[in-house]
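Structure file run.txt (compact mmCIF, C-alpha atoms and all ligand atoms) is printed below.
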```txt
# COMPACT_ATOMS: atom_id res chain seq x y z
CA MET A 1 -13.51 7.46 -0.19
CA ASN A 2 -16.59 5.56 -1.00
CA ARG A 3 -17.33 3.44 2.05
CA LYS A 4 -20.44 1.97 0.52
CA TYR A 5 -18.44 -0.20 -1.85
CA ARG A 6 -14.98 -0.59 -0.37
CA LYS A 7 -13.00 -0.48 2.83
CA ALA A 8 -10.79 2.34 3.93
CA VAL A 9 -7.22 1.30 4.67
CA ILE A 10 -4.44 3.24 6.34
CA ALA A 11 -1.14 1.41 5.96
CA GLY A 12 2.18 2.51 7.34
CA ASN A 13 5.40 1.66 5.54
CA TRP A 14 8.20 1.83 8.06
CA LYS A 15 10.81 1.11 5.37
CA MET A 16 14.16 0.29 7.07
CA ASN A 17 13.38 2.20 10.27
CA GLN A 18 12.68 1.31 13.91
CA THR A 19 13.74 -1.88 15.71
CA ALA A 20 11.79 -4.80 17.15
CA SER A 21 12.44 -3.54 20.68
CA GLY A 22 11.01 -0.16 19.74
CA ILE A 23 7.67 -1.61 18.73
CA ARG A 24 6.13 -2.02 22.19
CA PRO A 25 6.60 1.65 23.23
CA PHE A 26 5.45 2.75 19.77
CA MET A 27 2.28 0.67 19.98
CA ASP A 28 1.54 1.81 23.54
CA ALA A 29 1.71 5.40 22.35
CA LEU A 30 -0.34 4.64 19.24
CA LYS A 31 -3.04 2.90 21.27
CA GLU A 32 -3.48 6.05 23.33
CA GLU A 33 -4.11 8.07 20.20
CA LEU A 34 -6.25 5.77 18.05
CA PRO A 35 -10.00 6.36 17.99
CA GLN A 36 -12.44 3.71 19.22
CA PRO A 37 -13.98 2.02 17.34
CA ARG A 38 -11.38 1.95 14.56
CA PRO A 39 -12.73 3.89 11.55
CA CYS A 40 -10.69 1.88 9.02
CA GLU A 41 -8.37 -1.08 8.53
CA ILE A 42 -4.97 -0.22 10.03
CA VAL A 43 -1.80 -1.92 8.83
CA LEU A 44 1.86 -1.47 9.68
CA CYS A 45 4.36 -2.88 7.19
CA THR A 46 7.66 -3.43 8.94
CA PRO A 47 10.90 -5.18 8.03
CA ALA A 48 10.09 -8.91 8.07
CA VAL A 49 12.19 -9.64 11.17
CA MET A 50 9.96 -7.26 13.15
CA ILE A 51 6.63 -8.78 12.15
CA PRO A 52 6.34 -11.18 15.14
CA ALA A 53 6.96 -8.29 17.56
CA MET A 54 4.40 -6.19 15.69
CA ILE A 55 1.81 -8.95 15.91
CA ARG A 56 2.39 -9.40 19.65
CA ALA A 57 2.13 -5.67 20.29
CA GLY A 58 -0.71 -5.09 17.84
CA LYS A 59 -3.03 -7.83 19.05
CA ASP A 60 -5.20 -5.85 21.44
CA CYS A 61 -4.77 -2.79 19.25
CA LYS A 62 -6.44 -4.07 16.07
CA VAL A 63 -3.45 -3.26 13.89
CA ALA A 64 -2.53 -5.81 11.22
CA ALA A 65 1.07 -6.60 10.35
CA GLY A 66 2.52 -6.55 6.88
CA GLY A 67 5.80 -7.10 5.09
CA GLN A 68 7.52 -4.79 2.62
CA ASP A 69 8.69 -7.32 0.06
CA VAL A 70 8.51 -11.02 -0.77
CA SER A 71 10.29 -13.51 -2.98
CA LYS A 72 8.62 -14.57 -6.19
CA TYR A 73 9.88 -18.09 -5.50
CA GLU A 74 7.98 -20.56 -3.40
CA LYS A 75 11.01 -22.06 -1.64
CA GLY A 76 14.51 -23.33 -2.23
CA ALA A 77 18.05 -22.12 -2.74
CA TYR A 78 17.46 -18.35 -2.77
CA THR A 79 19.73 -17.04 -0.04
CA GLY A 80 18.41 -13.97 1.70
CA GLU A 81 14.91 -14.22 0.26
CA ILE A 82 11.71 -14.53 2.30
CA SER A 83 8.80 -16.50 0.87
CA ALA A 84 5.09 -15.74 0.99
CA ASP A 85 4.63 -18.96 2.92
CA GLN A 86 7.10 -17.80 5.56
CA LEU A 87 5.36 -14.43 5.85
CA ALA A 88 1.95 -16.08 6.15
CA ASP A 89 3.26 -18.51 8.75
CA ILE A 90 4.34 -15.74 11.12
CA GLY A 91 1.01 -13.98 10.69
CA ALA A 92 1.54 -11.27 8.07
CA LYS A 93 -1.76 -10.32 6.49
CA TYR A 94 -0.45 -7.78 4.00
CA CYS A 95 2.70 -7.18 2.01
CA ILE A 96 3.85 -4.26 -0.13
CA VAL A 97 5.10 -5.15 -3.61
CA GLY A 98 6.56 -2.97 -6.32
CA HIS A 99 7.45 -0.06 -4.09
CA SER A 100 9.38 2.50 -6.15
CA GLU A 101 12.37 2.12 -3.83
CA ARG A 102 12.54 -1.58 -4.72
CA ARG A 103 12.05 -0.78 -8.39
CA GLN A 104 14.80 1.84 -8.23
CA TYR A 105 17.41 0.27 -5.91
CA HIS A 106 16.76 -3.40 -6.62
CA HIS A 107 15.84 -3.14 -10.28
CA GLU A 108 12.43 -4.74 -9.89
CA ASP A 109 10.38 -4.66 -13.06
CA ASP A 110 6.67 -5.02 -13.69
CA MET A 111 6.90 -8.75 -14.43
CA LEU A 112 8.59 -9.36 -11.10
CA VAL A 113 5.99 -7.26 -9.29
CA ASN A 114 3.28 -9.38 -10.95
CA ALA A 115 4.99 -12.62 -9.89
CA LYS A 116 5.35 -11.38 -6.31
CA ALA A 117 1.69 -10.32 -6.10
CA LYS A 118 0.67 -13.78 -7.30
CA ALA A 119 2.98 -15.49 -4.80
CA LEU A 120 1.32 -13.54 -1.98
CA LEU A 121 -2.21 -14.27 -3.17
CA GLU A 122 -1.40 -17.99 -3.27
CA LYS A 123 -0.71 -17.84 0.46
CA GLY A 124 -3.66 -15.65 1.39
CA ILE A 125 -1.68 -12.43 1.92
CA THR A 126 -3.09 -9.18 0.55
CA PRO A 127 -0.59 -7.53 -1.81
CA ILE A 128 -0.39 -3.76 -1.63
CA ILE A 129 0.73 -3.15 -5.20
CA CYS A 130 2.55 0.16 -5.69
CA VAL A 131 2.58 2.12 -8.90
CA GLY A 132 3.75 5.64 -9.61
CA GLU A 133 5.36 7.90 -12.15
CA SER A 134 8.61 9.82 -12.00
CA LEU A 135 8.75 13.59 -12.24
CA GLU A 136 10.07 13.33 -15.81
CA GLN A 137 7.15 11.13 -16.81
CA ARG A 138 4.68 13.58 -15.27
CA GLU A 139 6.30 16.50 -17.03
CA MET A 140 6.15 14.62 -20.33
CA ASP A 141 2.42 14.07 -19.75
CA LEU A 142 2.93 10.30 -19.64
CA THR A 143 1.44 9.74 -16.18
CA ILE A 144 -1.88 8.14 -17.04
CA GLU A 145 -0.47 5.87 -19.78
CA TYR A 146 2.45 4.81 -17.63
CA ILE A 147 0.31 4.03 -14.59
CA ALA A 148 -2.17 2.13 -16.75
CA TYR A 149 0.71 -0.01 -18.04
CA GLN A 150 1.99 -0.66 -14.52
CA VAL A 151 -1.45 -1.64 -13.23
CA LYS A 152 -2.15 -3.94 -16.18
CA ALA A 153 1.22 -5.65 -15.84
CA ALA A 154 0.93 -6.04 -12.07
CA LEU A 155 -2.53 -7.61 -12.35
CA TYR A 156 -1.76 -9.84 -15.33
CA GLY A 157 -3.21 -13.32 -14.77
CA ILE A 158 -4.84 -12.38 -11.46
CA SER A 159 -8.46 -13.54 -11.34
CA ALA A 160 -11.43 -11.38 -10.38
CA GLN A 161 -11.74 -13.50 -7.25
CA GLN A 162 -8.11 -12.75 -6.34
CA LEU A 163 -8.48 -9.06 -7.20
CA ARG A 164 -10.89 -8.75 -4.29
CA ARG A 165 -7.91 -9.30 -2.00
CA CYS A 166 -5.62 -6.81 -3.78
CA ILE A 167 -4.93 -3.21 -2.83
CA ILE A 168 -3.40 -0.72 -5.24
CA ALA A 169 -1.29 2.16 -3.95
CA TYR A 170 -0.64 5.16 -6.16
CA GLU A 171 2.67 6.68 -5.10
CA PRO A 172 4.09 9.35 -7.38
CA ILE A 173 7.86 8.98 -7.02
CA TRP A 174 8.37 12.74 -6.85
CA ALA A 175 6.13 12.92 -3.77
CA ILE A 176 7.84 10.19 -1.74
CA GLY A 177 9.83 11.49 1.20
CA THR A 178 10.07 14.91 -0.40
CA GLY A 179 7.38 16.73 1.54
CA ARG A 180 5.90 17.53 -1.83
CA THR A 181 2.43 15.97 -1.91
CA ALA A 182 0.35 15.51 -5.03
CA THR A 183 -2.61 17.84 -4.89
CA ALA A 184 -5.90 16.19 -4.08
CA GLU A 185 -6.93 16.76 -7.71
CA GLN A 186 -3.77 15.18 -9.12
CA ALA A 187 -4.08 12.16 -6.82
CA GLN A 188 -7.77 11.75 -7.56
CA GLU A 189 -7.19 11.96 -11.30
CA VAL A 190 -4.72 9.09 -11.23
CA CYS A 191 -6.67 6.95 -8.73
CA GLU A 192 -9.77 7.38 -10.89
CA ALA A 193 -7.77 6.33 -13.95
CA ILE A 194 -6.49 3.26 -12.09
CA ARG A 195 -10.07 2.27 -11.29
CA GLY A 196 -10.89 2.80 -14.97
CA VAL A 197 -8.13 0.40 -16.02
CA ILE A 198 -9.40 -2.20 -13.55
CA ARG A 199 -12.94 -1.68 -14.85
CA LYS A 200 -11.76 -2.44 -18.37
CA MET A 201 -9.95 -5.55 -17.18
CA TYR A 202 -12.53 -6.96 -14.76
CA GLY A 203 -15.79 -5.05 -15.15
CA ALA A 204 -17.63 -2.47 -13.08
CA ARG A 205 -18.27 -4.42 -9.87
CA PRO A 206 -14.73 -5.59 -9.13
CA ALA A 207 -13.44 -2.11 -10.01
CA ARG A 208 -15.87 -0.52 -7.60
CA ALA A 209 -14.78 -2.84 -4.80
CA VAL A 210 -11.00 -2.45 -4.98
CA SER A 211 -9.37 -0.12 -2.46
CA ILE A 212 -6.92 2.36 -3.98
CA LEU A 213 -4.55 4.19 -1.65
CA TYR A 214 -2.54 7.35 -2.13
CA GLY A 215 1.04 7.54 -0.86
CA GLY A 216 3.66 10.28 -0.99
CA SER A 217 4.20 12.74 1.87
CA MET A 218 0.73 12.13 3.27
CA ASN A 219 0.61 13.61 6.75
CA ALA A 220 -1.69 14.66 9.57
CA LYS A 221 -2.38 17.98 7.82
CA ASN A 222 -3.12 16.96 4.24
CA ALA A 223 -4.75 13.55 4.84
CA ALA A 224 -8.35 14.73 5.18
CA GLU A 225 -8.36 16.53 1.84
CA LEU A 226 -6.78 13.60 0.00
CA LEU A 227 -9.09 11.08 1.66
CA ALA A 228 -12.14 13.16 0.76
CA GLN A 229 -11.58 12.33 -2.92
CA PRO A 230 -14.02 9.74 -4.29
CA ASP A 231 -11.41 7.29 -5.61
CA ILE A 232 -8.87 7.56 -2.76
CA ASP A 233 -9.72 4.88 -0.22
CA GLY A 234 -6.82 5.31 2.15
CA GLY A 235 -3.14 5.99 2.41
CA LEU A 236 0.25 4.33 2.33
CA ILE A 237 2.27 6.39 4.75
CA GLY A 238 6.04 6.52 5.10
CA GLY A 239 7.56 9.14 7.41
CA ALA A 240 4.37 10.02 9.28
CA SER A 241 3.72 6.36 10.15
CA LEU A 242 6.78 6.42 12.41
CA LYS A 243 5.15 8.99 14.69
CA PRO A 244 2.23 7.59 16.71
CA ALA A 245 0.32 10.88 16.98
CA ASP A 246 0.67 11.69 13.27
CA PHE A 247 -0.26 8.19 12.15
CA ALA A 248 -3.30 8.20 14.44
CA ALA A 249 -4.34 11.60 13.06
CA ILE A 250 -4.32 10.14 9.55
CA VAL A 251 -6.41 7.20 10.74
CA LYS A 252 -8.87 9.69 12.27
CA ALA A 253 -9.04 11.56 8.95
CA THR A 254 -10.79 8.52 7.40
CA ASN A 255 -13.75 9.24 9.63
CA GLN A 256 -15.48 11.66 7.33
P1 LIG B 301 6.49 9.28 2.66
O1 LIG B 301 5.12 9.27 3.32
O2 LIG B 301 7.59 9.34 3.65
O3 LIG B 301 6.57 10.25 1.56
O4 LIG B 301 6.65 7.82 1.98
C1 LIG B 301 5.65 7.34 1.20
C2 LIG B 301 5.93 5.93 0.87
O5 LIG B 301 6.86 5.63 0.15
C3 LIG B 301 5.06 4.91 1.45
O6 LIG B 301 5.27 3.67 0.86
```

Kindly transcribe the structure held in the file into C-alpha cells.
Ligand code: 13P
Amino acid sequence: MNRKYRKAVIAGNWKMNQTASGIRPFMDALKEELPQPRPCEIVLCTPAVMIPAMIRAGKDCKVAAGGQDVSKYEKGAYTGEISADQLADIGAKYCIVGHSERRQYHHEDDMLVNAKAKALLEKGITPIICVGESLEQREMDLTIEYIAYQVKAALYGISAQQLRRCIIAYEPIWAIGTGRTATAEQAQEVCEAIRGVIRKMYGARPARAVSILYGGSMNAKNAAELLAQPDIDGGLIGGASLKPADFAAIVKATNQ
C-alpha cells in the first residue's frame, strides 16, 4: 500500500450469501471487532435487494454499501435488470463489475464490463472493476498480456477525471474460493503491471492515485503480507467477508 497517494479499501463480496434479516446481527458483531478510527474505506457488496438493510445497519458503523452487478442500460424493458440509477437511488456507493463469476456464468465480455463501468460512473457510483487470468493462461505465461488487455478494454473511453473514481481488483480465477492464494510476489507483479497499463493510458499522476485491490482467498492470516506490497491497496474478499471477526482482521491488516 502506498497511503501517501491513494486510499486503502477493504471490500467484501458476499456473492449470493446471507439474507437481509441476517445483516443486523452480522453488523453488530462486526462493529465489536472493527478498530476505531477506521484505518481504511470499508465496503460490503451484497445482493441488490439487501442494500437498503446494509445501509441501515452500516450507518453508525462507517461501512459503505455496494452492489455486485448492474445493467449497462439506463432504463426500459430489460426484465430482471437493475440500473445504475436504481442502485444510486437506494444509496449504493460502489458496485462490482466484471467479476469472473459473471464472466464465466453469464458470459460477460470486456465490452460489456466497459459499458457497465461507464453506466455506474454516470450515476456517481464507484465501479470495482475485476480482472484476472485463468490457471491455463497463467501456465501459458499469458497473465500480464491478458490482464493488460482486460484493463484497457474495461477503461476504454473513461476519462482521467472518471478514473479517479474507479477501483481495479485483480482476482486470479484460480485463487477464487479455492483457498489457494497468489503469493504476495505474484499479486504484486500483476498489480504493478496494471498500474503500468494505467500509466500508459492516463499518465503518471492518475496511475499513482488509483487504488488496486487483490482478491482471491484473502483471509485474516495472509492479508498483512499481501497488503504490505507497494501496489496492493486493499482487498476484495469473498468467503472471509462473511465472518465478522475475519473481515475485521483484514481491515486491521491495512494499519501497517
Ligand atoms: P474468495 O475470497 O472467497 O476467494 O473470493 C474472492 C472473490 O471472488 C471476491 O470477489

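You can rank A:Ala240, A:Cys95, A:Ala64, A:Val70 by their closest distance to ligand LIG 301 (chain B) using only C-alpha atoms and all ligand atoms, and at the top of that list sits A:Ala240.
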
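Here the question is which of A:Asp109, A:Glu74, A:Glu101, A:Asp69 gets nearest to ligand LIG 301 (chain B) using only C-alpha atoms and all ligand atoms, and that residue is A:Glu101.
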
Near-ligand residues for ligand LIG 301 (chain B), threshold 6 Å, all atoms listed in the file, as a list of chain:residue names |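 Taking all atoms listed in the file into account, the residues around ligand LIG 301 (chain B) at most 6 Å away are A:Asn13, A:Ala175, A:Ile176, A:Gly177, A:Gly215, A:Gly216, A:Ser217, A:Met218, A:Leu236, A:Ile237, A:Gly238, A:Gly239.
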
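If you measure from each of A:Pro25, A:Gly124, A:Pro39, A:Gly196 to A:Lys152 using only C-alpha atoms, the closest one turns out to be A:Gly196.
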
For each of A:Arg103, A:Lys252, A:Lys243, A:Lys59, take the minimum atom-to-atom distance to A:Leu227, counting all atoms listed in the file, then give the residue where this is smallest.
->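 Smallest distance to A:Leu227 is found for A:Lys252.
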
Expected axis-aligned box over every listed atom of stretch 4-12 of chain A, 4 Å added per side, centre plus edges in Å to one decimal, as AutoDock Vina command-line options:
```
--center_x -9.1 --center_y 1.3 --center_z 2.7 --size_x 30.6 --size_y 11.8 --size_z 17.2
```

Is it possible to dump stretch 11-27 of chain A as a PDB file, in the first residue's frame, including just N, CA, C and O atoms?
```pdb
ATOM      1  N   ALA A  11     -13.000  -4.345   0.618  1.00  0.00           N
ATOM      2  CA  ALA A  11     -14.376  -4.558   0.157  1.00  0.00           C
ATOM      3  C   ALA A  11     -14.726  -6.030   0.279  1.00  0.00           C
ATOM      4  O   ALA A  11     -13.946  -6.898  -0.126  1.00  0.00           O
ATOM      5  N   GLY A  12     -15.878  -6.289   0.840  1.00  0.00           N
ATOM      6  CA  GLY A  12     -16.367  -7.662   0.916  1.00  0.00           C
ATOM      7  C   GLY A  12     -17.306  -7.922  -0.257  1.00  0.00           C
ATOM      8  O   GLY A  12     -18.057  -7.033  -0.657  1.00  0.00           O
ATOM      9  N   ASN A  13     -17.220  -9.108  -0.809  1.00  0.00           N
ATOM     10  CA  ASN A  13     -18.161  -9.532  -1.845  1.00  0.00           C
ATOM     11  C   ASN A  13     -18.912 -10.730  -1.279  1.00  0.00           C
ATOM     12  O   ASN A  13     -18.361 -11.826  -1.206  1.00  0.00           O
ATOM     13  N   TRP A  14     -20.148 -10.472  -0.886  1.00  0.00           N
ATOM     14  CA  TRP A  14     -20.925 -11.544  -0.252  1.00  0.00           C
ATOM     15  C   TRP A  14     -21.451 -12.551  -1.263  1.00  0.00           C
ATOM     16  O   TRP A  14     -22.044 -13.562  -0.876  1.00  0.00           O
ATOM     17  N   LYS A  15     -21.317 -12.232  -2.553  1.00  0.00           N
ATOM     18  CA  LYS A  15     -21.863 -13.113  -3.596  1.00  0.00           C
ATOM     19  C   LYS A  15     -23.334 -13.418  -3.274  1.00  0.00           C
ATOM     20  O   LYS A  15     -24.025 -12.523  -2.782  1.00  0.00           O
ATOM     21  N   MET A  16     -23.823 -14.643  -3.503  1.00  0.00           N
ATOM     22  CA  MET A  16     -25.244 -14.910  -3.235  1.00  0.00           C
ATOM     23  C   MET A  16     -25.383 -15.600  -1.883  1.00  0.00           C
ATOM     24  O   MET A  16     -25.886 -16.718  -1.766  1.00  0.00           O
ATOM     25  N   ASN A  17     -24.878 -14.906  -0.843  1.00  0.00           N
ATOM     26  CA  ASN A  17     -24.922 -15.454   0.511  1.00  0.00           C
ATOM     27  C   ASN A  17     -25.618 -14.467   1.449  1.00  0.00           C
ATOM     28  O   ASN A  17     -25.771 -13.311   1.110  1.00  0.00           O
ATOM     29  N   GLN A  18     -25.974 -14.933   2.617  1.00  0.00           N
ATOM     30  CA  GLN A  18     -26.639 -14.138   3.656  1.00  0.00           C
ATOM     31  C   GLN A  18     -28.078 -13.786   3.246  1.00  0.00           C
ATOM     32  O   GLN A  18     -28.509 -14.060   2.125  1.00  0.00           O
ATOM     33  N   THR A  19     -28.777 -13.128   4.159  1.00  0.00           N
ATOM     34  CA  THR A  19     -30.132 -12.628   3.865  1.00  0.00           C
ATOM     35  C   THR A  19     -30.232 -11.243   4.487  1.00  0.00           C
ATOM     36  O   THR A  19     -29.424 -10.889   5.359  1.00  0.00           O
ATOM     37  N   ALA A  20     -31.241 -10.485   4.078  1.00  0.00           N
ATOM     38  CA  ALA A  20     -31.404  -9.141   4.634  1.00  0.00           C
ATOM     39  C   ALA A  20     -31.580  -9.217   6.152  1.00  0.00           C
ATOM     40  O   ALA A  20     -31.030  -8.392   6.891  1.00  0.00           O
ATOM     41  N   SER A  21     -32.317 -10.215   6.624  1.00  0.00           N
ATOM     42  CA  SER A  21     -32.545 -10.277   8.078  1.00  0.00           C
ATOM     43  C   SER A  21     -31.293 -10.714   8.843  1.00  0.00           C
ATOM     44  O   SER A  21     -31.216 -10.547  10.059  1.00  0.00           O
ATOM     45  N   GLY A  22     -30.311 -11.222   8.136  1.00  0.00           N
ATOM     46  CA  GLY A  22     -29.062 -11.589   8.810  1.00  0.00           C
ATOM     47  C   GLY A  22     -28.081 -10.434   8.934  1.00  0.00           C
ATOM     48  O   GLY A  22     -27.033 -10.560   9.588  1.00  0.00           O
ATOM     49  N   ILE A  23     -28.409  -9.321   8.305  1.00  0.00           N
ATOM     50  CA  ILE A  23     -27.440  -8.217   8.258  1.00  0.00           C
ATOM     51  C   ILE A  23     -27.249  -7.547   9.622  1.00  0.00           C
ATOM     52  O   ILE A  23     -26.116  -7.265  10.017  1.00  0.00           O
ATOM     53  N   ARG A  24     -28.357  -7.313  10.328  1.00  0.00           N
ATOM     54  CA  ARG A  24     -28.239  -6.618  11.619  1.00  0.00           C
ATOM     55  C   ARG A  24     -27.315  -7.387  12.579  1.00  0.00           C
ATOM     56  O   ARG A  24     -26.351  -6.811  13.093  1.00  0.00           O
ATOM     57  N   PRO A  25     -27.554  -8.685  12.832  1.00  0.00           N
ATOM     58  CA  PRO A  25     -26.638  -9.405  13.727  1.00  0.00           C
ATOM     59  C   PRO A  25     -25.194  -9.424  13.206  1.00  0.00           C
ATOM     60  O   PRO A  25     -24.244  -9.315  13.985  1.00  0.00           O
ATOM     61  N   PHE A  26     -25.047  -9.529  11.881  1.00  0.00           N
ATOM     62  CA  PHE A  26     -23.695  -9.512  11.312  1.00  0.00           C
ATOM     63  C   PHE A  26     -23.009  -8.179  11.634  1.00  0.00           C
ATOM     64  O   PHE A  26     -21.853  -8.154  12.081  1.00  0.00           O
ATOM     65  N   MET A  27     -23.723  -7.075  11.398  1.00  0.00           N
ATOM     66  CA  MET A  27     -23.120  -5.770  11.597  1.00  0.00           C
ATOM     67  C   MET A  27     -22.840  -5.492  13.077  1.00  0.00           C
ATOM     68  O   MET A  27     -21.857  -4.845  13.413  1.00  0.00           O
TER      69      MET A  27
END
```
